[in-house]
$ cat final-v2.cif   # mmCIF, N, CA and C atoms
data_work
#
loop_
_atom_site.label_atom_id
_atom_site.label_comp_id
_atom_site.auth_asym_id
_atom_site.auth_seq_id
_atom_site.Cartn_x
_atom_site.Cartn_y
_atom_site.Cartn_z
N MET S 1368 -15.88 -3.93 6.41
CA MET S 1368 -14.87 -4.58 7.22
C MET S 1368 -13.59 -4.69 6.39
N SER S 1369 -12.48 -4.36 7.00
CA SER S 1369 -11.21 -4.37 6.28
C SER S 1369 -10.67 -5.76 6.01
N LEU S 1370 -10.74 -6.64 7.01
CA LEU S 1370 -10.12 -7.95 6.88
C LEU S 1370 -11.11 -9.06 7.19
N ASP S 1371 -10.97 -10.16 6.47
CA ASP S 1371 -11.71 -11.39 6.77
C ASP S 1371 -10.80 -12.20 7.68
N VAL S 1372 -11.08 -12.19 8.96
CA VAL S 1372 -10.20 -12.81 9.95
C VAL S 1372 -10.72 -14.21 10.28
N PRO S 1373 -9.92 -15.23 9.98
CA PRO S 1373 -10.32 -16.60 10.33
C PRO S 1373 -10.53 -16.71 11.85
N THR S 1374 -11.44 -17.56 12.24
CA THR S 1374 -11.78 -17.73 13.65
C THR S 1374 -10.54 -18.06 14.49
N ALA S 1375 -9.70 -18.94 14.01
CA ALA S 1375 -8.51 -19.34 14.77
C ALA S 1375 -7.58 -18.15 14.99
N LEU S 1376 -7.42 -17.30 14.00
CA LEU S 1376 -6.56 -16.12 14.14
C LEU S 1376 -7.18 -15.13 15.12
N LEU S 1377 -8.48 -14.94 15.03
CA LEU S 1377 -9.16 -14.04 15.96
C LEU S 1377 -9.01 -14.55 17.40
N GLU S 1378 -9.13 -15.85 17.59
CA GLU S 1378 -8.97 -16.42 18.93
C GLU S 1378 -7.55 -16.20 19.45
N ARG S 1379 -6.54 -16.35 18.58
CA ARG S 1379 -5.16 -16.10 19.00
C ARG S 1379 -4.96 -14.63 19.34
N ALA S 1380 -5.58 -13.74 18.56
CA ALA S 1380 -5.47 -12.30 18.84
C ALA S 1380 -6.14 -11.96 20.18
N GLU S 1381 -7.26 -12.59 20.45
CA GLU S 1381 -7.95 -12.36 21.72
C GLU S 1381 -7.12 -12.85 22.91
N ALA S 1382 -6.33 -13.89 22.69
CA ALA S 1382 -5.51 -14.47 23.76
C ALA S 1382 -4.17 -13.75 23.92
N GLY S 1383 -3.76 -12.98 22.94
CA GLY S 1383 -2.47 -12.31 22.99
C GLY S 1383 -2.03 -11.88 21.60
N GLU S 1384 -0.76 -11.66 21.47
CA GLU S 1384 -0.20 -11.18 20.21
C GLU S 1384 -0.22 -12.26 19.13
N VAL S 1385 -0.31 -11.80 17.88
CA VAL S 1385 -0.16 -12.69 16.73
C VAL S 1385 1.10 -12.27 15.99
N SER S 1386 1.65 -13.17 15.23
CA SER S 1386 2.88 -12.86 14.51
C SER S 1386 2.60 -11.98 13.30
N ASP S 1387 3.63 -11.27 12.87
CA ASP S 1387 3.52 -10.48 11.65
C ASP S 1387 3.16 -11.37 10.47
N ALA S 1388 3.75 -12.57 10.42
CA ALA S 1388 3.48 -13.48 9.31
C ALA S 1388 2.00 -13.85 9.25
N GLU S 1389 1.40 -14.12 10.40
CA GLU S 1389 -0.03 -14.46 10.44
C GLU S 1389 -0.88 -13.26 10.00
N PHE S 1390 -0.52 -12.09 10.50
CA PHE S 1390 -1.26 -10.89 10.16
C PHE S 1390 -1.15 -10.58 8.67
N VAL S 1391 0.05 -10.63 8.14
CA VAL S 1391 0.26 -10.32 6.72
C VAL S 1391 -0.44 -11.33 5.84
N ASP S 1392 -0.47 -12.59 6.24
CA ASP S 1392 -1.19 -13.61 5.48
C ASP S 1392 -2.69 -13.29 5.46
N CYS S 1393 -3.22 -12.82 6.57
CA CYS S 1393 -4.64 -12.43 6.63
C CYS S 1393 -4.89 -11.26 5.67
N VAL S 1394 -3.98 -10.30 5.63
CA VAL S 1394 -4.10 -9.17 4.70
C VAL S 1394 -4.07 -9.68 3.27
N ARG S 1395 -3.12 -10.55 2.97
CA ARG S 1395 -2.97 -11.10 1.60
C ARG S 1395 -4.27 -11.77 1.15
N GLN S 1396 -4.87 -12.55 2.04
CA GLN S 1396 -6.09 -13.26 1.68
C GLN S 1396 -7.31 -12.35 1.63
N SER S 1397 -7.35 -11.34 2.49
CA SER S 1397 -8.52 -10.46 2.58
C SER S 1397 -8.55 -9.37 1.53
N LEU S 1398 -7.37 -8.89 1.14
CA LEU S 1398 -7.27 -7.74 0.23
C LEU S 1398 -6.36 -8.11 -0.96
N PRO S 1399 -6.80 -9.06 -1.78
CA PRO S 1399 -5.91 -9.55 -2.84
C PRO S 1399 -5.50 -8.50 -3.86
N TYR S 1400 -6.37 -7.58 -4.21
CA TYR S 1400 -5.98 -6.55 -5.18
C TYR S 1400 -4.89 -5.65 -4.57
N ALA S 1401 -5.11 -5.20 -3.36
CA ALA S 1401 -4.11 -4.35 -2.70
C ALA S 1401 -2.80 -5.11 -2.55
N TRP S 1402 -2.88 -6.37 -2.16
CA TRP S 1402 -1.68 -7.19 -2.02
C TRP S 1402 -0.92 -7.25 -3.34
N ASN S 1403 -1.63 -7.48 -4.44
CA ASN S 1403 -0.97 -7.57 -5.75
C ASN S 1403 -0.30 -6.26 -6.14
N VAL S 1404 -0.95 -5.13 -5.88
CA VAL S 1404 -0.36 -3.83 -6.22
C VAL S 1404 0.91 -3.60 -5.40
N VAL S 1405 0.82 -3.81 -4.11
CA VAL S 1405 1.99 -3.60 -3.25
C VAL S 1405 3.10 -4.59 -3.59
N SER S 1406 2.75 -5.84 -3.84
CA SER S 1406 3.75 -6.84 -4.24
C SER S 1406 4.47 -6.41 -5.51
N GLN S 1407 3.70 -5.88 -6.46
CA GLN S 1407 4.30 -5.49 -7.74
C GLN S 1407 5.24 -4.30 -7.58
N VAL S 1408 4.84 -3.28 -6.81
CA VAL S 1408 5.76 -2.13 -6.67
C VAL S 1408 7.00 -2.54 -5.88
N ALA S 1409 6.86 -3.43 -4.90
CA ALA S 1409 8.03 -3.91 -4.16
C ALA S 1409 8.95 -4.71 -5.08
N GLU S 1410 8.37 -5.55 -5.92
CA GLU S 1410 9.16 -6.33 -6.87
C GLU S 1410 9.85 -5.42 -7.88
N ASP S 1411 9.13 -4.43 -8.40
CA ASP S 1411 9.73 -3.48 -9.34
C ASP S 1411 10.88 -2.72 -8.70
N LEU S 1412 10.69 -2.31 -7.44
CA LEU S 1412 11.75 -1.60 -6.73
C LEU S 1412 12.97 -2.48 -6.56
N ASN S 1413 12.76 -3.70 -6.11
CA ASN S 1413 13.88 -4.62 -5.87
C ASN S 1413 14.58 -5.04 -7.16
N GLY S 1414 13.86 -4.99 -8.28
CA GLY S 1414 14.45 -5.36 -9.56
C GLY S 1414 15.15 -4.22 -10.26
N GLY S 1415 15.04 -3.03 -9.72
CA GLY S 1415 15.66 -1.87 -10.36
C GLY S 1415 16.70 -1.23 -9.47
N GLU S 1416 17.17 -0.09 -9.94
CA GLU S 1416 18.21 0.61 -9.20
C GLU S 1416 17.73 1.95 -8.65
N GLY S 1417 16.50 2.35 -8.98
CA GLY S 1417 15.99 3.64 -8.54
C GLY S 1417 15.63 3.66 -7.06
N GLU S 1418 15.31 4.85 -6.58
CA GLU S 1418 14.93 5.03 -5.17
C GLU S 1418 13.51 4.56 -4.90
N PHE S 1419 12.68 4.52 -5.96
CA PHE S 1419 11.29 4.10 -5.77
C PHE S 1419 10.73 3.50 -7.04
N ALA S 1420 9.62 2.81 -6.87
CA ALA S 1420 8.83 2.29 -7.99
C ALA S 1420 7.39 2.61 -7.65
N ASP S 1421 6.58 2.85 -8.68
CA ASP S 1421 5.18 3.18 -8.39
C ASP S 1421 4.22 2.50 -9.34
N HIS S 1422 2.98 2.49 -8.92
CA HIS S 1422 1.87 1.92 -9.67
C HIS S 1422 0.82 3.01 -9.73
N ALA S 1423 0.45 3.44 -10.94
CA ALA S 1423 -0.48 4.57 -11.07
C ALA S 1423 -1.70 4.22 -11.90
N VAL S 1424 -2.02 2.96 -12.03
CA VAL S 1424 -3.17 2.54 -12.81
C VAL S 1424 -4.40 2.52 -11.91
N PRO S 1425 -5.46 3.23 -12.28
CA PRO S 1425 -6.66 3.21 -11.44
C PRO S 1425 -7.21 1.78 -11.32
N PRO S 1426 -7.71 1.42 -10.16
CA PRO S 1426 -8.30 0.09 -9.99
C PRO S 1426 -9.47 -0.12 -10.94
N PRO S 1427 -9.68 -1.35 -11.39
CA PRO S 1427 -10.75 -1.62 -12.34
C PRO S 1427 -12.16 -1.52 -11.75
N SER S 1428 -12.28 -1.52 -10.42
CA SER S 1428 -13.61 -1.43 -9.81
C SER S 1428 -13.52 -0.66 -8.50
N GLU S 1429 -14.67 -0.23 -8.02
CA GLU S 1429 -14.72 0.46 -6.73
C GLU S 1429 -14.37 -0.49 -5.59
N ALA S 1430 -14.72 -1.76 -5.73
CA ALA S 1430 -14.36 -2.73 -4.70
C ALA S 1430 -12.84 -2.84 -4.57
N GLN S 1431 -12.15 -2.86 -5.70
CA GLN S 1431 -10.70 -2.94 -5.66
C GLN S 1431 -10.08 -1.64 -5.16
N ARG S 1432 -10.67 -0.50 -5.52
CA ARG S 1432 -10.21 0.77 -4.99
C ARG S 1432 -10.37 0.77 -3.46
N GLY S 1433 -11.48 0.22 -2.98
CA GLY S 1433 -11.71 0.12 -1.55
C GLY S 1433 -10.66 -0.72 -0.84
N GLN S 1434 -10.24 -1.81 -1.48
CA GLN S 1434 -9.18 -2.63 -0.90
C GLN S 1434 -7.90 -1.83 -0.73
N LEU S 1435 -7.55 -1.08 -1.77
CA LEU S 1435 -6.33 -0.28 -1.72
C LEU S 1435 -6.42 0.79 -0.64
N LEU S 1436 -7.56 1.45 -0.57
CA LEU S 1436 -7.76 2.47 0.46
C LEU S 1436 -7.67 1.86 1.86
N ARG S 1437 -8.32 0.72 2.07
CA ARG S 1437 -8.28 0.09 3.39
C ARG S 1437 -6.86 -0.33 3.76
N ALA S 1438 -6.14 -0.89 2.82
CA ALA S 1438 -4.78 -1.35 3.11
C ALA S 1438 -3.85 -0.20 3.46
N LEU S 1439 -3.96 0.90 2.73
CA LEU S 1439 -2.99 1.97 2.94
C LEU S 1439 -3.44 3.00 3.96
N ALA S 1440 -4.71 3.00 4.32
CA ALA S 1440 -5.20 3.94 5.33
C ALA S 1440 -5.02 3.38 6.74
N SER S 1441 -4.85 2.09 6.87
CA SER S 1441 -4.69 1.47 8.19
C SER S 1441 -3.21 1.44 8.55
N ASP S 1442 -2.87 2.05 9.68
CA ASP S 1442 -1.48 2.02 10.13
C ASP S 1442 -0.98 0.60 10.31
N ALA S 1443 -1.82 -0.27 10.88
CA ALA S 1443 -1.41 -1.65 11.13
C ALA S 1443 -1.18 -2.40 9.82
N ILE S 1444 -2.10 -2.26 8.87
CA ILE S 1444 -1.96 -2.98 7.60
C ILE S 1444 -0.78 -2.44 6.81
N ARG S 1445 -0.71 -1.11 6.69
CA ARG S 1445 0.41 -0.52 5.94
C ARG S 1445 1.73 -0.91 6.58
N GLY S 1446 1.81 -0.82 7.90
CA GLY S 1446 3.04 -1.18 8.60
C GLY S 1446 3.41 -2.64 8.39
N GLY S 1447 2.42 -3.52 8.43
CA GLY S 1447 2.70 -4.93 8.18
C GLY S 1447 3.23 -5.18 6.78
N LEU S 1448 2.63 -4.50 5.81
CA LEU S 1448 3.10 -4.63 4.43
C LEU S 1448 4.51 -4.07 4.27
N GLU S 1449 4.77 -2.94 4.89
CA GLU S 1449 6.11 -2.34 4.81
C GLU S 1449 7.16 -3.26 5.42
N ARG S 1450 6.86 -3.82 6.58
CA ARG S 1450 7.82 -4.74 7.21
C ARG S 1450 8.01 -5.99 6.36
N HIS S 1451 6.92 -6.53 5.83
CA HIS S 1451 7.00 -7.75 5.03
C HIS S 1451 7.86 -7.54 3.78
N PHE S 1452 7.65 -6.44 3.09
CA PHE S 1452 8.36 -6.20 1.84
C PHE S 1452 9.65 -5.41 2.01
N GLY S 1453 9.90 -4.87 3.20
CA GLY S 1453 11.13 -4.13 3.45
C GLY S 1453 11.20 -2.81 2.71
N VAL S 1454 10.04 -2.13 2.60
CA VAL S 1454 9.95 -0.87 1.87
C VAL S 1454 9.16 0.15 2.69
N LYS S 1455 9.20 1.38 2.27
CA LYS S 1455 8.33 2.43 2.81
C LYS S 1455 7.31 2.73 1.73
N LEU S 1456 6.03 2.62 2.06
CA LEU S 1456 4.97 2.88 1.09
C LEU S 1456 4.52 4.33 1.17
N ALA S 1457 4.16 4.88 0.03
CA ALA S 1457 3.58 6.22 -0.06
C ALA S 1457 2.37 6.11 -0.99
N PHE S 1458 1.42 7.02 -0.83
CA PHE S 1458 0.12 6.86 -1.49
C PHE S 1458 -0.44 8.21 -1.90
N GLN S 1459 -0.95 8.30 -3.13
CA GLN S 1459 -1.60 9.50 -3.65
C GLN S 1459 -2.81 9.12 -4.49
N ASN S 1460 -3.77 9.99 -4.56
CA ASN S 1460 -4.87 9.92 -5.53
C ASN S 1460 -5.74 8.69 -5.48
N CYS S 1461 -5.87 8.08 -4.37
CA CYS S 1461 -6.70 6.88 -4.21
C CYS S 1461 -6.21 5.67 -5.00
N HIS S 1462 -5.11 5.80 -5.71
CA HIS S 1462 -4.60 4.62 -6.40
C HIS S 1462 -3.11 4.65 -6.71
N ARG S 1463 -2.43 5.78 -6.61
CA ARG S 1463 -1.00 5.81 -6.92
C ARG S 1463 -0.23 5.35 -5.69
N VAL S 1464 0.36 4.19 -5.79
CA VAL S 1464 1.11 3.58 -4.70
C VAL S 1464 2.58 3.55 -5.10
N ALA S 1465 3.43 3.99 -4.20
CA ALA S 1465 4.87 3.94 -4.45
C ALA S 1465 5.55 3.17 -3.32
N ALA S 1466 6.59 2.44 -3.68
CA ALA S 1466 7.45 1.77 -2.70
C ALA S 1466 8.81 2.44 -2.80
N PHE S 1467 9.29 2.92 -1.66
CA PHE S 1467 10.60 3.56 -1.58
C PHE S 1467 11.56 2.66 -0.83
N ARG S 1468 12.81 2.71 -1.23
CA ARG S 1468 13.85 2.04 -0.46
C ARG S 1468 13.91 2.72 0.90
N LEU S 1469 14.17 1.97 1.94
CA LEU S 1469 14.21 2.56 3.28
C LEU S 1469 15.28 3.64 3.37
N ALA S 1470 16.38 3.47 2.66
CA ALA S 1470 17.44 4.48 2.67
C ALA S 1470 17.02 5.78 1.98
N ALA S 1471 15.96 5.74 1.17
CA ALA S 1471 15.51 6.93 0.45
C ALA S 1471 14.53 7.76 1.27
N VAL S 1472 13.99 7.20 2.36
CA VAL S 1472 13.03 7.93 3.19
C VAL S 1472 13.72 9.16 3.77
N GLY S 1473 13.07 10.29 3.60
CA GLY S 1473 13.65 11.55 4.04
C GLY S 1473 14.44 12.25 2.94
N GLY S 1474 14.73 11.52 1.88
CA GLY S 1474 15.47 12.10 0.77
C GLY S 1474 14.60 13.00 -0.10
N GLU S 1475 15.21 13.62 -1.06
CA GLU S 1475 14.53 14.60 -1.92
C GLU S 1475 13.36 14.01 -2.69
N ARG S 1476 13.53 12.86 -3.31
CA ARG S 1476 12.43 12.26 -4.10
C ARG S 1476 11.28 11.83 -3.22
N TYR S 1477 11.59 11.27 -2.06
CA TYR S 1477 10.54 10.86 -1.13
C TYR S 1477 9.78 12.08 -0.63
N GLN S 1478 10.49 13.10 -0.21
CA GLN S 1478 9.85 14.31 0.28
C GLN S 1478 8.99 14.96 -0.80
N ALA S 1479 9.47 14.95 -2.04
CA ALA S 1479 8.69 15.52 -3.14
C ALA S 1479 7.40 14.71 -3.36
N PHE S 1480 7.49 13.39 -3.26
CA PHE S 1480 6.31 12.54 -3.48
C PHE S 1480 5.25 12.78 -2.42
N ILE S 1481 5.66 12.88 -1.16
CA ILE S 1481 4.69 12.99 -0.07
C ILE S 1481 4.30 14.43 0.26
N SER S 1482 4.84 15.40 -0.44
CA SER S 1482 4.57 16.80 -0.14
C SER S 1482 3.19 17.25 -0.64
N PRO S 1483 2.65 18.31 -0.05
CA PRO S 1483 1.41 18.89 -0.59
C PRO S 1483 1.57 19.26 -2.07
N ARG S 1484 2.73 19.80 -2.44
CA ARG S 1484 2.98 20.15 -3.84
C ARG S 1484 2.89 18.90 -4.73
N GLY S 1485 3.49 17.80 -4.28
CA GLY S 1485 3.44 16.56 -5.04
C GLY S 1485 2.01 16.07 -5.22
N GLN S 1486 1.21 16.19 -4.18
CA GLN S 1486 -0.19 15.80 -4.27
C GLN S 1486 -0.93 16.67 -5.28
N LEU S 1487 -0.72 17.98 -5.19
CA LEU S 1487 -1.40 18.90 -6.11
C LEU S 1487 -1.00 18.67 -7.56
N LEU S 1488 0.26 18.40 -7.79
CA LEU S 1488 0.74 18.19 -9.15
C LEU S 1488 0.24 16.88 -9.75
N ASN S 1489 -0.25 15.98 -8.93
CA ASN S 1489 -0.76 14.70 -9.41
C ASN S 1489 -2.28 14.66 -9.48
N GLN S 1490 -2.90 15.81 -9.57
CA GLN S 1490 -4.36 15.89 -9.70
C GLN S 1490 -4.71 16.07 -11.18
N SER S 1491 -5.86 15.59 -11.51
CA SER S 1491 -6.40 15.80 -12.86
C SER S 1491 -7.90 15.62 -12.76
N PRO S 1492 -8.65 16.10 -13.74
CA PRO S 1492 -10.12 15.92 -13.69
C PRO S 1492 -10.53 14.45 -13.56
N GLU S 1493 -9.79 13.53 -14.19
CA GLU S 1493 -10.15 12.11 -14.12
C GLU S 1493 -10.03 11.53 -12.71
N LEU S 1494 -9.18 12.15 -11.89
CA LEU S 1494 -8.92 11.61 -10.57
C LEU S 1494 -9.81 12.22 -9.48
N ARG S 1495 -10.59 13.19 -9.79
CA ARG S 1495 -11.34 13.89 -8.77
C ARG S 1495 -12.51 13.10 -8.20
N ASP S 1496 -12.84 11.98 -8.80
CA ASP S 1496 -13.93 11.16 -8.26
C ASP S 1496 -13.46 10.26 -7.13
N CYS S 1497 -12.19 10.22 -6.87
CA CYS S 1497 -11.70 9.29 -5.84
C CYS S 1497 -11.31 9.98 -4.59
#

$ encode --input "final-v2.cif" --output "structure tokens"
Amino acid sequence: MSLDVPTALLERAEAGEVSDAEFVDCVRQSLPYAWNVVSQVAEDLNGGEGEFADHAVPPPSEAQRGQLLRALASDAIRGGLERHFGVKLAFQNCHRVAAFRLAAVGGERYQAFISPRGQLLNQSPELRDC
């Protein structure tokens, strides 16, 4: 299961829409490792002048790798994180997470990161287990 949804939030979802803030808080509580990684790349991006910031450290456990995969493979979760942090997220190798400035989406560095070539160039024997 991707998220631990409190009963009250589930009841509100069953009755209608929930706010982004409620959803993102559920993500933060359910997937703390993924939340910390995304928070850090967003903070690094906002603290610098580059088009993107990334995190390329493999997770310390398979459970934490699973959190990252669940967060970034779900359109709803990824979208909620992107809206919350005001960034565009990109993902490679089961653990390399990048946050791009919204103005950089479609640009040369973003296209290079998300391209098949970019994926191939970021492979190594150590990463093939993920």

$ select_by_dssp --input "final-v2.cif" --residues "region 1371-1497 of chain S" --states "strand (DSSP E)" --output "ChimeraX atom specification"
/S:1419-1422,1455-1459,1463-1467

$ atom_distance --input "final-v2.cif" --atom1 "atom C of Val1408 (chain S)" --atom2 "CA of Arg1484 (chain S)"
23.1 Å

$ resolve_selection --input "final-v2.cif" --expression "the PyMOL selection byres ((chain S and resi 1419-1432) around 7)" --output "ChimeraX atom specification"
/S:1400-1401,1408-1409,1411-1412,1416-1418,1433-1437,1461-1468

$ residues_around --input "final-v2.cif" --residues "region 1443-1452 of chain S" --least-positions-apart "4" --cutoff "6.5 Å" --atoms "only N, CA and C atoms" --output "PDB file with N, CA and C atoms, keeping the file's coordinate frame"
ATOM      1  N   VAL S1391       0.050 -10.630   8.140  1.00  0.00           N
ATOM      2  CA  VAL S1391       0.260 -10.320   6.720  1.00  0.00           C
ATOM      3  C   VAL S1391      -0.440 -11.330   5.840  1.00  0.00           C
ATOM      4  N   ALA S1409       6.860  -3.430  -4.900  1.00  0.00           N
ATOM      5  CA  ALA S1409       8.030  -3.910  -4.160  1.00  0.00           C
ATOM      6  C   ALA S1409       8.950  -4.710  -5.080  1.00  0.00           C
ATOM      7  N   ALA S1438      -6.140  -0.890   2.820  1.00  0.00           N
ATOM      8  CA  ALA S1438      -4.780  -1.350   3.110  1.00  0.00           C
ATOM      9  C   ALA S1438      -3.850  -0.200   3.460  1.00  0.00           C
ATOM     10  N   LEU S1439      -3.960   0.900   2.730  1.00  0.00           N
ATOM     11  CA  LEU S1439      -2.990   1.970   2.940  1.00  0.00           C
ATOM     12  C   LEU S1439      -3.440   3.000   3.960  1.00  0.00           C
ATOM     13  N   LEU S1456       6.030   2.620   2.060  1.00  0.00           N
ATOM     14  CA  LEU S1456       4.970   2.880   1.090  1.00  0.00           C
ATOM     15  C   LEU S1456       4.520   4.330   1.170  1.00  0.00           C
TER      16      LEU S1456
END

$ closest_residue --input "final-v2.cif" --among "S:Ala1457, S:Val1405, S:Val1394, S:Ala1382" --to "Arg1476 (chain S)" --atoms "only C-alpha atoms"
S:Ala1457

$ select_by_dssp --input "final-v2.cif" --residues "region 1422-1463 of chain S" --states "alpha helix (DSSP H)" --output "list in words"
Glu1429, Ala1430, Gln1431, Arg1432, Gly1433, Gln1434, Leu1435, Leu1436, Arg1437, Ala1438, Leu1439, Ala1440, Asp1442, Ala1443, Ile1444, Arg1445, Gly1446, Gly1447, Leu1448, Glu1449, Arg1450, His1451 and Phe1452 of chain S

$ write_last_selection --input "final-v2.cif" --atoms "N, CA and C atoms" --output "JSON list (two decimals), in the coordinates of the input"
[["chain", "number", "residue", "atom", "x", "y", "z"],
["S", 1429, "GLU", "N", -14.67, -0.23, -8.02],
["S", 1429, "GLU", "CA", -14.72, 0.46, -6.73],
["S", 1429, "GLU", "C", -14.37, -0.49, -5.59],
["S", 1430, "ALA", "N", -14.72, -1.76, -5.73],
["S", 1430, "ALA", "CA", -14.36, -2.73, -4.70],
["S", 1430, "ALA", "C", -12.84, -2.84, -4.57],
["S", 1431, "GLN", "N", -12.15, -2.86, -5.70],
["S", 1431, "GLN", "CA", -10.70, -2.94, -5.66],
["S", 1431, "GLN", "C", -10.08, -1.64, -5.16],
["S", 1432, "ARG", "N", -10.67, -0.50, -5.52],
["S", 1432, "ARG", "CA", -10.21, 0.77, -4.99],
["S", 1432, "ARG", "C", -10.37, 0.77, -3.46],
["S", 1433, "GLY", "N", -11.48, 0.22, -2.98],
["S", 1433, "GLY", "CA", -11.71, 0.12, -1.55],
["S", 1433, "GLY", "C", -10.66, -0.72, -0.84],
["S", 1434, "GLN", "N", -10.24, -1.81, -1.48],
["S", 1434, "GLN", "CA", -9.18, -2.63, -0.90],
["S", 1434, "GLN", "C", -7.90, -1.83, -0.73],
["S", 1435, "LEU", "N", -7.55, -1.08, -1.77],
["S", 1435, "LEU", "CA", -6.33, -0.28, -1.72],
["S", 1435, "LEU", "C", -6.42, 0.79, -0.64],
["S", 1436, "LEU", "N", -7.56, 1.45, -0.57],
["S", 1436, "LEU", "CA", -7.76, 2.47, 0.46],
["S", 1436, "LEU", "C", -7.67, 1.86, 1.86],
["S", 1437, "ARG", "N", -8.32, 0.72, 2.07],
["S", 1437, "ARG", "CA", -8.28, 0.09, 3.39],
["S", 1437, "ARG", "C", -6.86, -0.33, 3.76],
["S", 1438, "ALA", "N", -6.14, -0.89, 2.82],
["S", 1438, "ALA", "CA", -4.78, -1.35, 3.11],
["S", 1438, "ALA", "C", -3.85, -0.20, 3.46],
["S", 1439, "LEU", "N", -3.96, 0.90, 2.73],
["S", 1439, "LEU", "CA", -2.99, 1.97, 2.94],
["S", 1439, "LEU", "C", -3.44, 3.00, 3.96],
["S", 1440, "ALA", "N", -4.71, 3.00, 4.32],
["S", 1440, "ALA", "CA", -5.20, 3.94, 5.33],
["S", 1440, "ALA", "C", -5.02, 3.38, 6.74],
["S", 1442, "ASP", "N", -2.87, 2.05, 9.68],
["S", 1442, "ASP", "CA", -1.48, 2.02, 10.13],
["S", 1442, "ASP", "C", -0.98, 0.60, 10.31],
["S", 1443, "ALA", "N", -1.82, -0.27, 10.88],
["S", 1443, "ALA", "CA", -1.41, -1.65, 11.13],
["S", 1443, "ALA", "C", -1.18, -2.40, 9.82],
["S", 1444, "ILE", "N", -2.10, -2.26, 8.87],
["S", 1444, "ILE", "CA", -1.96, -2.98, 7.60],
["S", 1444, "ILE", "C", -0.78, -2.44, 6.81],
["S", 1445, "ARG", "N", -0.71, -1.11, 6.69],
["S", 1445, "ARG", "CA", 0.41, -0.52, 5.94],
["S", 1445, "ARG", "C", 1.73, -0.91, 6.58],
["S", 1446, "GLY", "N", 1.81, -0.82, 7.90],
["S", 1446, "GLY", "CA", 3.04, -1.18, 8.60],
["S", 1446, "GLY", "C", 3.41, -2.64, 8.39],
["S", 1447, "GLY", "N", 2.42, -3.52, 8.43],
["S", 1447, "GLY", "CA", 2.70, -4.93, 8.18],
["S", 1447, "GLY", "C", 3.23, -5.18, 6.78],
["S", 1448, "LEU", "N", 2.63, -4.50, 5.81],
["S", 1448, "LEU", "CA", 3.10, -4.63, 4.43],
["S", 1448, "LEU", "C", 4.51, -4.07, 4.27],
["S", 1449, "GLU", "N", 4.77, -2.94, 4.89],
["S", 1449, "GLU", "CA", 6.11, -2.34, 4.81],
["S", 1449, "GLU", "C", 7.16, -3.26, 5.42],
["S", 1450, "ARG", "N", 6.86, -3.82, 6.58],
["S", 1450, "ARG", "CA", 7.82, -4.74, 7.21],
["S", 1450, "ARG", "C", 8.01, -5.99, 6.36],
["S", 1451, "HIS", "N", 6.92, -6.53, 5.83],
["S", 1451, "HIS", "CA", 7.00, -7.75, 5.03],
["S", 1451, "HIS", "C", 7.86, -7.54, 3.78],
["S", 1452, "PHE", "N", 7.65, -6.44, 3.09],
["S", 1452, "PHE", "CA", 8.36, -6.20, 1.84],
["S", 1452, "PHE", "C", 9.65, -5.41, 2.01]]

$ atom_distance --input "final-v2.cif" --atom1 "CA of Gly1415 (chain S)" --atom2 "CA of Gln1396 (chain S)"
27.3 Å

$ atom_distance --input "final-v2.cif" --atom1 "CA of Trp1402 (chain S)" --atom2 "atom N of Ser1441 (chain S)"
13.2 Å

$ closest_residue --input "final-v2.cif" --among "S:Val1372, S:Ser1406, S:Gln1486, S:Ala1440" --to "Val1454 (chain S)" --atoms "only C-alpha atoms"
S:Ser1406
